[in-house]
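Enquirer: What follows is the file query_32.cif, containing mmCIF, C-alpha atoms:
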data_query
#
loop_
_atom_site.label_atom_id
_atom_site.label_comp_id
_atom_site.auth_asym_id
_atom_site.auth_seq_id
_atom_site.Cartn_x
_atom_site.Cartn_y
_atom_site.Cartn_z
CA MET A 1 0.00 0.00 0.00
CA ARG A 2 1.35 3.46 -0.93
CA THR A 3 3.22 5.57 1.63
CA ASP A 4 4.71 8.16 -0.76
CA TRP A 5 2.38 10.77 0.66
CA PRO A 6 1.48 13.94 -1.31
CA ASN A 7 3.71 17.02 -1.18
CA SER A 8 6.61 14.97 0.24
CA ALA A 9 4.81 14.56 3.57
CA ARG A 10 6.38 12.03 5.91
CA MET A 11 3.06 10.65 7.14
CA ALA A 12 -0.71 11.08 6.89
CA ILE A 13 -3.07 11.90 9.75
CA SER A 14 -6.86 11.72 9.73
CA LEU A 15 -8.84 13.45 12.44
CA THR A 16 -12.21 11.72 12.73
CA PHE A 17 -15.28 12.53 14.79
CA ASP A 18 -18.27 10.30 15.55
CA VAL A 19 -21.28 12.62 15.82
CA ASP A 20 -23.46 10.12 17.67
CA ALA A 21 -25.56 12.70 19.55
CA GLU A 22 -28.73 11.12 20.98
CA THR A 23 -28.38 7.92 18.93
CA GLY A 24 -25.32 6.90 20.91
CA TRP A 25 -27.65 6.21 23.82
CA LEU A 26 -31.00 5.51 22.16
CA GLY A 27 -29.40 2.86 19.95
CA GLU A 28 -28.10 1.12 23.05
CA ASP A 29 -31.43 1.21 24.88
CA PRO A 30 -34.61 3.14 23.97
CA ALA A 31 -35.19 3.62 27.71
CA TYR A 32 -32.56 6.35 27.58
CA ALA A 33 -35.30 8.54 26.09
CA HIS A 34 -36.45 9.05 29.69
CA ARG A 35 -32.95 9.87 31.02
CA LEU A 36 -32.78 13.56 30.31
CA SER A 37 -29.40 14.20 31.89
CA THR A 38 -27.69 11.56 29.74
CA LEU A 39 -29.39 12.80 26.58
CA SER A 40 -28.53 16.40 27.40
CA GLU A 41 -24.84 15.52 27.34
CA ALA A 42 -25.29 13.85 23.97
CA ARG A 43 -27.07 16.93 22.63
CA TYR A 44 -24.30 19.14 24.02
CA GLY A 45 -21.95 17.46 21.58
CA VAL A 46 -23.92 18.89 18.66
CA THR A 47 -24.90 22.27 20.06
CA ARG A 48 -21.61 23.25 21.70
CA GLY A 49 -18.88 20.70 21.06
CA LEU A 50 -19.26 20.47 17.29
CA PRO A 51 -19.04 24.25 16.68
CA ARG A 52 -15.86 24.38 18.77
CA ILE A 53 -14.36 21.55 16.76
CA LEU A 54 -15.24 23.16 13.43
CA ASP A 55 -13.84 26.51 14.56
CA THR A 56 -10.58 24.85 15.62
CA LEU A 57 -10.22 22.95 12.35
CA SER A 58 -10.90 26.14 10.41
CA ARG A 59 -8.27 28.02 12.37
CA HIS A 60 -5.67 25.38 11.44
CA ASP A 61 -7.00 24.91 7.88
CA VAL A 62 -7.41 21.15 8.48
CA LYS A 63 -10.10 18.99 6.90
CA ALA A 64 -11.54 16.06 8.86
CA THR A 65 -13.99 13.19 8.55
CA PHE A 66 -17.23 13.18 10.54
CA TYR A 67 -19.15 9.91 10.88
CA VAL A 68 -22.82 10.75 11.28
CA PRO A 69 -25.79 8.47 12.07
CA GLY A 70 -28.81 9.17 9.91
CA HIS A 71 -30.91 9.95 12.97
CA THR A 72 -28.45 12.67 13.97
CA ALA A 73 -28.76 14.26 10.52
CA GLU A 74 -32.55 14.20 10.85
CA LEU A 75 -32.53 15.78 14.32
CA HIS A 76 -29.77 18.32 13.68
CA PRO A 77 -29.69 19.05 9.93
CA ASP A 78 -28.22 22.54 10.21
CA ALA A 79 -25.33 21.34 12.37
CA ILE A 80 -24.51 18.49 9.98
CA ARG A 81 -24.90 20.74 6.94
CA ARG A 82 -22.29 23.08 8.39
CA ILE A 83 -19.81 20.19 8.41
CA ALA A 84 -20.27 19.66 4.68
CA ASP A 85 -20.38 23.38 3.89
CA GLU A 86 -16.94 23.83 5.46
CA GLY A 87 -15.42 21.17 3.23
CA HIS A 88 -15.22 18.22 5.61
CA GLU A 89 -16.13 14.66 4.75
CA ILE A 90 -19.32 13.08 6.07
CA GLY A 91 -19.18 9.32 6.55
CA HIS A 92 -21.94 6.82 7.28
CA HIS A 93 -22.38 5.69 10.90
CA GLY A 94 -25.61 3.72 10.73
CA HIS A 95 -29.03 5.22 11.32
CA MET A 96 -29.81 4.60 15.00
CA HIS A 97 -26.27 3.57 16.02
CA LEU A 98 -27.28 -0.09 16.35
CA ARG A 99 -24.45 -2.59 16.76
CA SER A 100 -24.35 -4.89 13.76
CA ASP A 101 -23.51 -7.93 15.88
CA ALA A 102 -26.78 -7.45 17.80
CA ILE A 103 -29.16 -7.35 14.81
CA GLY A 104 -29.92 -9.56 11.83
CA GLU A 105 -29.26 -9.05 8.14
CA ALA A 106 -32.57 -7.33 7.39
CA ALA A 107 -32.09 -4.85 10.23
CA GLN A 108 -28.50 -4.20 9.16
CA ARG A 109 -29.64 -3.46 5.62
CA GLU A 110 -32.30 -1.10 6.97
CA GLU A 111 -29.71 0.69 9.11
CA ILE A 112 -27.51 1.27 6.07
CA GLU A 113 -30.30 2.31 3.73
CA ARG A 114 -32.09 4.60 6.20
CA GLY A 115 -28.78 6.20 7.08
CA LEU A 116 -28.02 6.83 3.41
CA GLU A 117 -31.47 8.29 2.86
CA ALA A 118 -31.08 10.68 5.79
CA LEU A 119 -27.61 11.84 4.76
CA GLN A 120 -28.28 12.22 1.02
CA PRO A 121 -29.75 15.76 1.23
CA ILE A 122 -26.45 16.89 2.77
CA ALA A 123 -23.76 14.59 1.38
CA THR A 124 -23.26 11.21 -0.27
CA PRO A 125 -21.01 9.14 2.00
CA ILE A 126 -18.46 6.77 0.47
CA GLY A 127 -17.02 5.57 3.80
CA TYR A 128 -18.53 3.70 6.72
CA ARG A 129 -17.76 3.33 10.41
CA SER A 130 -19.77 0.80 12.37
CA PRO A 131 -21.37 1.75 15.69
CA SER A 132 -19.10 0.64 18.54
CA TRP A 133 -16.66 -0.63 15.89
CA GLU A 134 -18.44 -3.98 15.61
CA LEU A 135 -18.76 -5.59 12.18
CA THR A 136 -20.04 -8.95 11.01
CA PRO A 137 -19.33 -10.72 7.70
CA THR A 138 -22.88 -9.77 6.75
CA THR A 139 -22.11 -6.09 7.36
CA LEU A 140 -19.07 -6.23 5.11
CA GLN A 141 -21.05 -7.78 2.29
CA LEU A 142 -23.79 -5.17 2.64
CA LEU A 143 -21.19 -2.39 2.47
CA LYS A 144 -19.81 -3.81 -0.75
CA ASP A 145 -23.32 -4.29 -2.14
CA HIS A 146 -24.06 -0.61 -1.46
CA GLY A 147 -20.86 0.59 -3.13
CA PHE A 148 -18.89 1.90 -0.17
CA ALA A 149 -15.25 2.67 -0.97
CA TYR A 150 -13.87 1.95 2.48
CA ASP A 151 -14.62 1.07 6.10
CA SER A 152 -13.03 2.38 9.29
CA SER A 153 -13.97 -0.03 12.07
CA LEU A 154 -11.39 -2.83 12.27
CA MET A 155 -8.07 -3.15 14.08
CA GLY A 156 -6.16 -5.77 12.09
CA ASP A 157 -3.26 -3.47 11.20
CA ASP A 158 -2.00 0.03 11.93
CA ARG A 159 -1.98 1.14 8.29
CA PRO A 160 -4.54 0.85 5.48
CA TYR A 161 -5.26 -2.71 4.37
CA PHE A 162 -7.87 -4.77 2.57
CA HIS A 163 -10.27 -7.03 4.44
CA ASP A 164 -12.40 -9.35 2.34
CA GLY A 165 -12.08 -7.03 -0.64
CA LEU A 166 -12.94 -3.77 1.15
CA LEU A 167 -10.36 -1.11 2.00
CA GLU A 168 -9.96 -0.74 5.75
CA LEU A 169 -8.65 2.41 7.45
CA PRO A 170 -7.98 0.92 10.89
CA VAL A 171 -8.74 2.33 14.31
CA HIS A 172 -7.80 1.52 17.89
CA TRP A 173 -9.32 2.12 21.31
CA SER A 174 -6.10 3.64 22.64
CA LEU A 175 -6.50 6.54 20.19
CA ASP A 176 -10.21 7.09 20.89
CA ASP A 177 -11.25 9.79 23.36
CA TRP A 178 -14.34 7.89 24.58
CA PRO A 179 -12.76 5.16 26.77
CA HIS A 180 -10.27 7.63 28.25
CA LEU A 181 -12.23 10.85 28.76
CA HIS A 182 -15.86 9.83 29.06
CA TRP A 183 -17.58 8.72 32.25
CA LYS A 184 -20.74 6.62 32.18
CA PRO A 185 -22.96 6.52 35.28
CA GLY A 186 -22.80 3.16 37.00
CA ARG A 187 -19.72 2.00 35.12
CA GLY A 188 -17.35 2.92 37.94
CA ASP A 189 -14.39 3.95 35.83
CA ALA A 190 -12.37 7.15 36.08
CA PHE A 191 -11.25 9.83 33.66
CA THR A 192 -7.77 9.72 32.19
CA ALA A 193 -5.93 12.96 32.86
CA PRO A 194 -6.01 15.05 29.67
CA GLU A 195 -2.23 15.44 29.61
CA ALA A 196 -1.78 11.67 29.86
CA PHE A 197 -4.12 11.11 26.94
CA LEU A 198 -2.34 13.73 24.84
CA ASP A 199 0.92 11.93 25.60
CA THR A 200 -0.60 8.71 24.21
CA TRP A 201 -1.66 10.53 21.06
CA LEU A 202 1.81 12.00 20.58
CA LYS A 203 3.63 8.73 21.29
CA GLU A 204 1.61 7.03 18.54
CA PHE A 205 2.34 9.97 16.26
CA GLU A 206 6.08 9.46 16.79
CA SER A 207 5.78 5.78 15.90
CA ALA A 208 3.71 6.52 12.80
CA LEU A 209 6.14 9.23 11.73
CA GLU A 210 9.09 6.85 11.97
CA GLU A 211 7.25 4.28 9.87
CA ARG A 212 5.82 6.87 7.45
CA ARG A 213 2.31 5.49 7.84
CA HIS A 214 -1.26 6.70 8.09
CA LEU A 215 -2.72 7.39 11.54
CA THR A 216 -6.36 7.84 12.56
CA TYR A 217 -7.50 9.63 15.70
CA THR A 218 -11.11 9.14 16.83
CA MET A 219 -13.10 11.69 18.84
CA HIS A 220 -16.66 12.49 19.89
CA PRO A 221 -17.99 16.07 20.08
CA GLU A 222 -19.55 15.58 23.52
CA VAL A 223 -16.18 14.37 24.84
CA ILE A 224 -13.39 16.30 23.12
CA GLY A 225 -15.71 19.30 22.68
CA ARG A 226 -15.63 20.24 26.37
CA GLY A 227 -13.79 23.53 26.83
CA HIS A 228 -10.68 22.27 28.62
CA ARG A 229 -10.38 19.26 26.31
CA MET A 230 -10.45 21.31 23.14
CA ALA A 231 -6.98 22.41 24.15
CA LEU A 232 -5.86 18.81 23.53
CA LEU A 233 -7.02 18.88 19.93
CA ASP A 234 -5.49 22.29 19.36
CA ARG A 235 -2.16 21.18 20.84
CA LEU A 236 -2.16 17.94 18.88
CA ILE A 237 -2.56 19.77 15.58
CA ARG A 238 0.02 22.42 16.49
CA GLU A 239 2.65 20.04 17.82
CA VAL A 240 2.57 17.51 14.99
CA SER A 241 2.52 20.30 12.41
CA GLU A 242 5.60 21.89 13.97
CA ARG A 243 7.58 18.65 14.21
CA ALA A 244 7.19 17.20 10.74
CA ASP A 245 5.64 17.51 7.32
CA VAL A 246 2.25 15.95 7.90
CA TRP A 247 -0.56 15.44 5.42
CA PHE A 248 -3.81 16.07 7.28
CA ALA A 249 -6.32 14.23 5.12
CA THR A 250 -9.89 13.05 5.23
CA HIS A 251 -10.49 9.33 5.08
CA ALA A 252 -11.90 9.77 1.57
CA ASP A 253 -8.67 11.44 0.45
CA VAL A 254 -6.54 8.70 2.01
CA ALA A 255 -8.68 5.97 0.45
CA ALA A 256 -8.38 7.56 -2.98
CA PHE A 257 -4.62 8.01 -2.63
CA VAL A 258 -3.64 4.56 -1.36
CA THR A 259 -5.71 2.82 -4.03
CA SER A 260 -4.53 5.00 -6.94
#
Can the structure in the file be given as structure tokens, please?
Expert:
Amino acid sequence: MRTDWPNSARMAISLTFDVDAETGWLGEDPAYAHRLSTLSEARYGVTRGLPRILDTLSRHDVKATFYVPGHTAELHPDAIRRIADEGHEIGHHGHMHLRSDAIGEAAQREEIERGLEALQPIATPIGYRSPSWELTPTTLQLLKDHGFAYDSSLMGDDRPYFHDGLLELPVHWSLDDWPHLHWKPGRGDAFTAPEAFLDTWLKEFESALEERRHLTYTMHPEVIGRGHRMALLDRLIREVSERADVWFATHADVAAFVTS
């Protein structure tokens, strides 16, 4: 797979954001519709976190990929339209954020098709990220049947690769803000200190730079979009830009490049 990145860059970085909003909870359990505090945090990601993210990306002139459930686009069309209007990529993230391993083939097909229908007025997605990063062989076949160019859900490598004929832009939990910076009531875990998480991000950057590979960071607006955490994203962009020639690219751009 190609690593001769454009403009003599030494590596490629994709900043990605899962705009789950209310579906992140309602897809897990419809009973969350009655838990207003939990849903208010999810909504915060769209109303406050997302604008902060877009402003930061604009300030650094960086384009990113936003994975959006169809239900989120239906509830918050203006917020999602702003993403597209500012030149960022919109990827498919299901419709109600239902895990593919928990539903059958017919329901998986409906999730894909309803998500496409909801996103079409704003953008036509060519990439897919599964809710909770769970895929089944059925999901992969449905993605190919619907003409997706790539997926970003698996962890079988730390650079782009093909899985069963579909391009994979891999992810990893260690580079995802959710397990480190989000607290779920009743789960009993603790926050990772922001500086410690930034250190993890930068350590992986150093490894990817040495190997001249592509690196994906995953974030959620309700998590990284909190005021004090936005400093992490700002510092990440500034520090990697200062230390090396980096190609900040959307997943669509990376997919097109590595398969050209």
Enquirer: What separation in Å, quoted to one decimal, exists between CA of Leu135 (chain A) and CA of Trp25 (chain A)?
Expert: 18.8 Å
Enquirer: Could you work out how far CA of Thr56 (chain A) lies from CA of Asp234 (chain A), giving the answer in Å with one decimal?
Expert: 6.8 Å
Enquirer: From the list A:Pro131, A:Ala118, A:Thr192, A:Glu86, which residue is nearest Asp61 (chain A) when using only C-alpha atoms?
Expert: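 Among A:Pro131, A:Ala118, A:Thr192, A:Glu86, it is A:Glu86 that comes nearest to Asp61 (chain A).
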Enquirer: Nearest to Phe66 (chain A): which of A:Ala79, A:Val171, A:Leu98, A:Val19 is it, counting all atoms listed in the file?
Expert: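 Smallest distance to Phe66 (chain A) is found for A:Val19.
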Enquirer: Which residue is closest to Val46 (chain A)? Choose from A:Pro77, A:Gly156, A:Gly104, A:Pro179 and count all atoms listed in the file.
Expert: A:Pro77
Enquirer: I'd like the residues picked by the PyMOL selection byres ((chain A and resi 243-256) around 6) written out as a PyMOL selection string, using the chain letters and numbers from the file.
Expert: chain A and resi 9-14+64-65+240-242+257-259
Enquirer: So how many Å separate CA of Leu233 (chain A) and CA of Leu57 (chain A), to one decimal?
Expert: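 Taking CA of Leu233 (chain A) and CA of Leu57 (chain A), their separation equals 9.2 Å.
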Enquirer: Give me the result of the PyMOL selection byres ((chain A and resi 44) around 10) on this file, residue by residue, as a PyMOL selection string.
Expert: chain A and resi 21-22+39-43+45-50+221-223+225-226
Enquirer: Kindly indicate which residue among A:Asp101, A:Glu110, A:Asp85, A:Glu206 lies nearest to His146 (chain A), using all atoms listed in the file for the distances.
Expert: A:Glu110
Enquirer: Using the chain letters and residue numbers of this document, give as a list in words the residues selected by the PyMOL selection byres ((chain A and resi 217) around 10).
Expert: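 Selection result, ordered by chain and number: Ile13, Ser14, Leu15, Thr16, Phe17, Pro170, Val171, His172, Trp173, Ser174, Leu175, Asp176, Asp177, Trp201, Glu204, Phe205, Leu215, Thr216, Thr218 and Met219 of chain A.
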Enquirer: Is it possible to get the axis-aligned box enclosing region 152-168 of chain A (all listed atoms, 6 Å extra per side) as AutoDock Vina command-line options, with centre and edge lengths in Å rounded to one decimal?
Expert:
--center_x -8.0 --center_y -3.5 --center_z 6.7 --size_x 24.0 --size_y 23.7 --size_z 26.7
Enquirer: In terms of the shortest atom-to-atom distance over only C-alpha atoms, which of A:Asp151, A:Asp18, A:Glu168, A:Asp55 is closest to Met230 (chain A)?
Expert: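 Closest to Met230 (chain A), using only C-alpha atoms: A:Asp55.
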Enquirer: Which polymer residues have any atom within 9 Å of an atom of Arg99 (chain A), counting all atoms listed in the file, with same-chain residues fewer than 5 positions away left out, as an NGL selection string?
Expert: :A and (27-28 or 94 or 108 or 130-135)
Enquirer: Please reconstruct the missing atoms of region 72-104 of chain A (target: N, CA and C atoms) and return them as a PDB file, keeping the file's coordinate frame.
Expert:
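Once written, part_15.pdb looks like this:
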ATOM      1  N   THR A  72     -29.054  11.399  13.583  1.00  0.00           N
ATOM      2  CA  THR A  72     -28.450  12.670  13.970  1.00  0.00           C
ATOM      3  C   THR A  72     -28.670  13.724  12.886  1.00  0.00           C
ATOM      4  N   ALA A  73     -28.528  13.321  11.622  1.00  0.00           N
ATOM      5  CA  ALA A  73     -28.760  14.260  10.520  1.00  0.00           C
ATOM      6  C   ALA A  73     -30.214  14.714  10.475  1.00  0.00           C
ATOM      7  N   GLU A  74     -31.135  13.834  10.839  1.00  0.00           N
ATOM      8  CA  GLU A  74     -32.550  14.200  10.850  1.00  0.00           C
ATOM      9  C   GLU A  74     -32.878  15.161  11.992  1.00  0.00           C
ATOM     10  N   LEU A  75     -32.261  14.933  13.158  1.00  0.00           N
ATOM     11  CA  LEU A  75     -32.530  15.780  14.320  1.00  0.00           C
ATOM     12  C   LEU A  75     -31.812  17.127  14.248  1.00  0.00           C
ATOM     13  N   HIS A  76     -30.617  17.127  13.662  1.00  0.00           N
ATOM     14  CA  HIS A  76     -29.770  18.320  13.680  1.00  0.00           C
ATOM     15  C   HIS A  76     -29.258  18.641  12.268  1.00  0.00           C
ATOM     16  N   PRO A  77     -30.142  18.861  11.309  1.00  0.00           N
ATOM     17  CA  PRO A  77     -29.690  19.050   9.930  1.00  0.00           C
ATOM     18  C   PRO A  77     -28.789  20.255   9.729  1.00  0.00           C
ATOM     19  N   ASP A  78     -29.045  21.345  10.407  1.00  0.00           N
ATOM     20  CA  ASP A  78     -28.220  22.540  10.210  1.00  0.00           C
ATOM     21  C   ASP A  78     -26.796  22.304  10.706  1.00  0.00           C
ATOM     22  N   ALA A  79     -26.661  21.616  11.838  1.00  0.00           N
ATOM     23  CA  ALA A  79     -25.330  21.340  12.370  1.00  0.00           C
ATOM     24  C   ALA A  79     -24.543  20.435  11.427  1.00  0.00           C
ATOM     25  N   ILE A  80     -25.193  19.421  10.881  1.00  0.00           N
ATOM     26  CA  ILE A  80     -24.510  18.490   9.980  1.00  0.00           C
ATOM     27  C   ILE A  80     -24.229  19.165   8.640  1.00  0.00           C
ATOM     28  N   ARG A  81     -25.127  20.018   8.202  1.00  0.00           N
ATOM     29  CA  ARG A  81     -24.900  20.740   6.940  1.00  0.00           C
ATOM     30  C   ARG A  81     -23.681  21.658   7.054  1.00  0.00           C
ATOM     31  N   ARG A  82     -23.462  22.229   8.222  1.00  0.00           N
ATOM     32  CA  ARG A  82     -22.290  23.080   8.390  1.00  0.00           C
ATOM     33  C   ARG A  82     -21.005  22.283   8.169  1.00  0.00           C
ATOM     34  N   ILE A  83     -20.981  21.035   8.629  1.00  0.00           N
ATOM     35  CA  ILE A  83     -19.810  20.190   8.410  1.00  0.00           C
ATOM     36  C   ILE A  83     -19.483  20.116   6.928  1.00  0.00           C
ATOM     37  N   ALA A  84     -20.485  19.789   6.123  1.00  0.00           N
ATOM     38  CA  ALA A  84     -20.270  19.660   4.680  1.00  0.00           C
ATOM     39  C   ALA A  84     -19.937  21.006   4.047  1.00  0.00           C
ATOM     40  N   ASP A  85     -20.609  22.058   4.475  1.00  0.00           N
ATOM     41  CA  ASP A  85     -20.380  23.380   3.890  1.00  0.00           C
ATOM     42  C   ASP A  85     -18.950  23.859   4.109  1.00  0.00           C
ATOM     43  N   GLU A  86     -18.310  23.404   5.185  1.00  0.00           N
ATOM     44  CA  GLU A  86     -16.940  23.830   5.460  1.00  0.00           C
ATOM     45  C   GLU A  86     -15.900  22.888   4.865  1.00  0.00           C
ATOM     46  N   GLY A  87     -16.346  21.973   4.006  1.00  0.00           N
ATOM     47  CA  GLY A  87     -15.420  21.170   3.230  1.00  0.00           C
ATOM     48  C   GLY A  87     -14.949  19.886   3.877  1.00  0.00           C
ATOM     49  N   HIS A  88     -15.592  19.462   4.948  1.00  0.00           N
ATOM     50  CA  HIS A  88     -15.220  18.220   5.610  1.00  0.00           C
ATOM     51  C   HIS A  88     -15.993  17.051   5.003  1.00  0.00           C
ATOM     52  N   GLU A  89     -15.464  15.870   5.227  1.00  0.00           N
ATOM     53  CA  GLU A  89     -16.130  14.660   4.750  1.00  0.00           C
ATOM     54  C   GLU A  89     -17.177  14.191   5.750  1.00  0.00           C
ATOM     55  N   ILE A  90     -18.302  13.717   5.239  1.00  0.00           N
ATOM     56  CA  ILE A  90     -19.320  13.080   6.070  1.00  0.00           C
ATOM     57  C   ILE A  90     -19.362  11.599   5.723  1.00  0.00           C
ATOM     58  N   GLY A  91     -19.127  10.756   6.725  1.00  0.00           N
ATOM     59  CA  GLY A  91     -19.180   9.320   6.550  1.00  0.00           C
ATOM     60  C   GLY A  91     -20.435   8.737   7.176  1.00  0.00           C
ATOM     61  N   HIS A  92     -20.737   7.525   6.810  1.00  0.00           N
ATOM     62  CA  HIS A  92     -21.940   6.820   7.280  1.00  0.00           C
ATOM     63  C   HIS A  92     -21.639   6.133   8.609  1.00  0.00           C
ATOM     64  N   HIS A  93     -22.562   6.279   9.558  1.00  0.00           N
ATOM     65  CA  HIS A  93     -22.380   5.690  10.900  1.00  0.00           C
ATOM     66  C   HIS A  93     -23.681   5.039  11.365  1.00  0.00           C
ATOM     67  N   GLY A  94     -24.335   4.334  10.406  1.00  0.00           N
ATOM     68  CA  GLY A  94     -25.610   3.720  10.730  1.00  0.00           C
ATOM     69  C   GLY A  94     -26.741   4.731  10.738  1.00  0.00           C
ATOM     70  N   HIS A  95     -27.894   4.297  11.179  1.00  0.00           N
ATOM     71  CA  HIS A  95     -29.030   5.220  11.320  1.00  0.00           C
ATOM     72  C   HIS A  95     -29.325   5.493  12.789  1.00  0.00           C
ATOM     73  N   MET A  96     -29.538   4.435  13.567  1.00  0.00           N
ATOM     74  CA  MET A  96     -29.810   4.600  15.000  1.00  0.00           C
ATOM     75  C   MET A  96     -28.662   4.097  15.864  1.00  0.00           C
ATOM     76  N   HIS A  97     -27.459   3.995  15.259  1.00  0.00           N
ATOM     77  CA  HIS A  97     -26.270   3.570  16.020  1.00  0.00           C
ATOM     78  C   HIS A  97     -26.484   2.189  16.653  1.00  0.00           C
ATOM     79  N   LEU A  98     -27.065   1.274  15.881  1.00  0.00           N
ATOM     80  CA  LEU A  98     -27.280  -0.090  16.350  1.00  0.00           C
ATOM     81  C   LEU A  98     -26.064  -0.948  16.020  1.00  0.00           C
ATOM     82  N   ARG A  99     -25.587  -1.701  16.990  1.00  0.00           N
ATOM     83  CA  ARG A  99     -24.450  -2.590  16.760  1.00  0.00           C
ATOM     84  C   ARG A  99     -24.844  -3.697  15.792  1.00  0.00           C
ATOM     85  N   SER A 100     -24.009  -3.914  14.783  1.00  0.00           N
ATOM     86  CA  SER A 100     -24.350  -4.890  13.760  1.00  0.00           C
ATOM     87  C   SER A 100     -24.347  -6.318  14.294  1.00  0.00           C
ATOM     88  N   ASP A 101     -23.553  -6.576  15.338  1.00  0.00           N
ATOM     89  CA  ASP A 101     -23.510  -7.930  15.880  1.00  0.00           C
ATOM     90  C   ASP A 101     -24.744  -8.248  16.729  1.00  0.00           C
ATOM     91  N   ALA A 102     -25.592  -7.249  16.967  1.00  0.00           N
ATOM     92  CA  ALA A 102     -26.780  -7.450  17.800  1.00  0.00           C
ATOM     93  C   ALA A 102     -28.066  -7.506  16.987  1.00  0.00           C
ATOM     94  N   ILE A 103     -27.967  -7.351  15.662  1.00  0.00           N
ATOM     95  CA  ILE A 103     -29.160  -7.350  14.810  1.00  0.00           C
ATOM     96  C   ILE A 103     -28.927  -8.239  13.606  1.00  0.00           C
ATOM     97  N   GLY A 104     -30.004  -8.672  12.972  1.00  0.00           N
ATOM     98  CA  GLY A 104     -29.920  -9.560  11.830  1.00  0.00           C
ATOM     99  C   GLY A 104     -29.659  -8.834  10.520  1.00  0.00           C
TER     100      GLY A 104
END
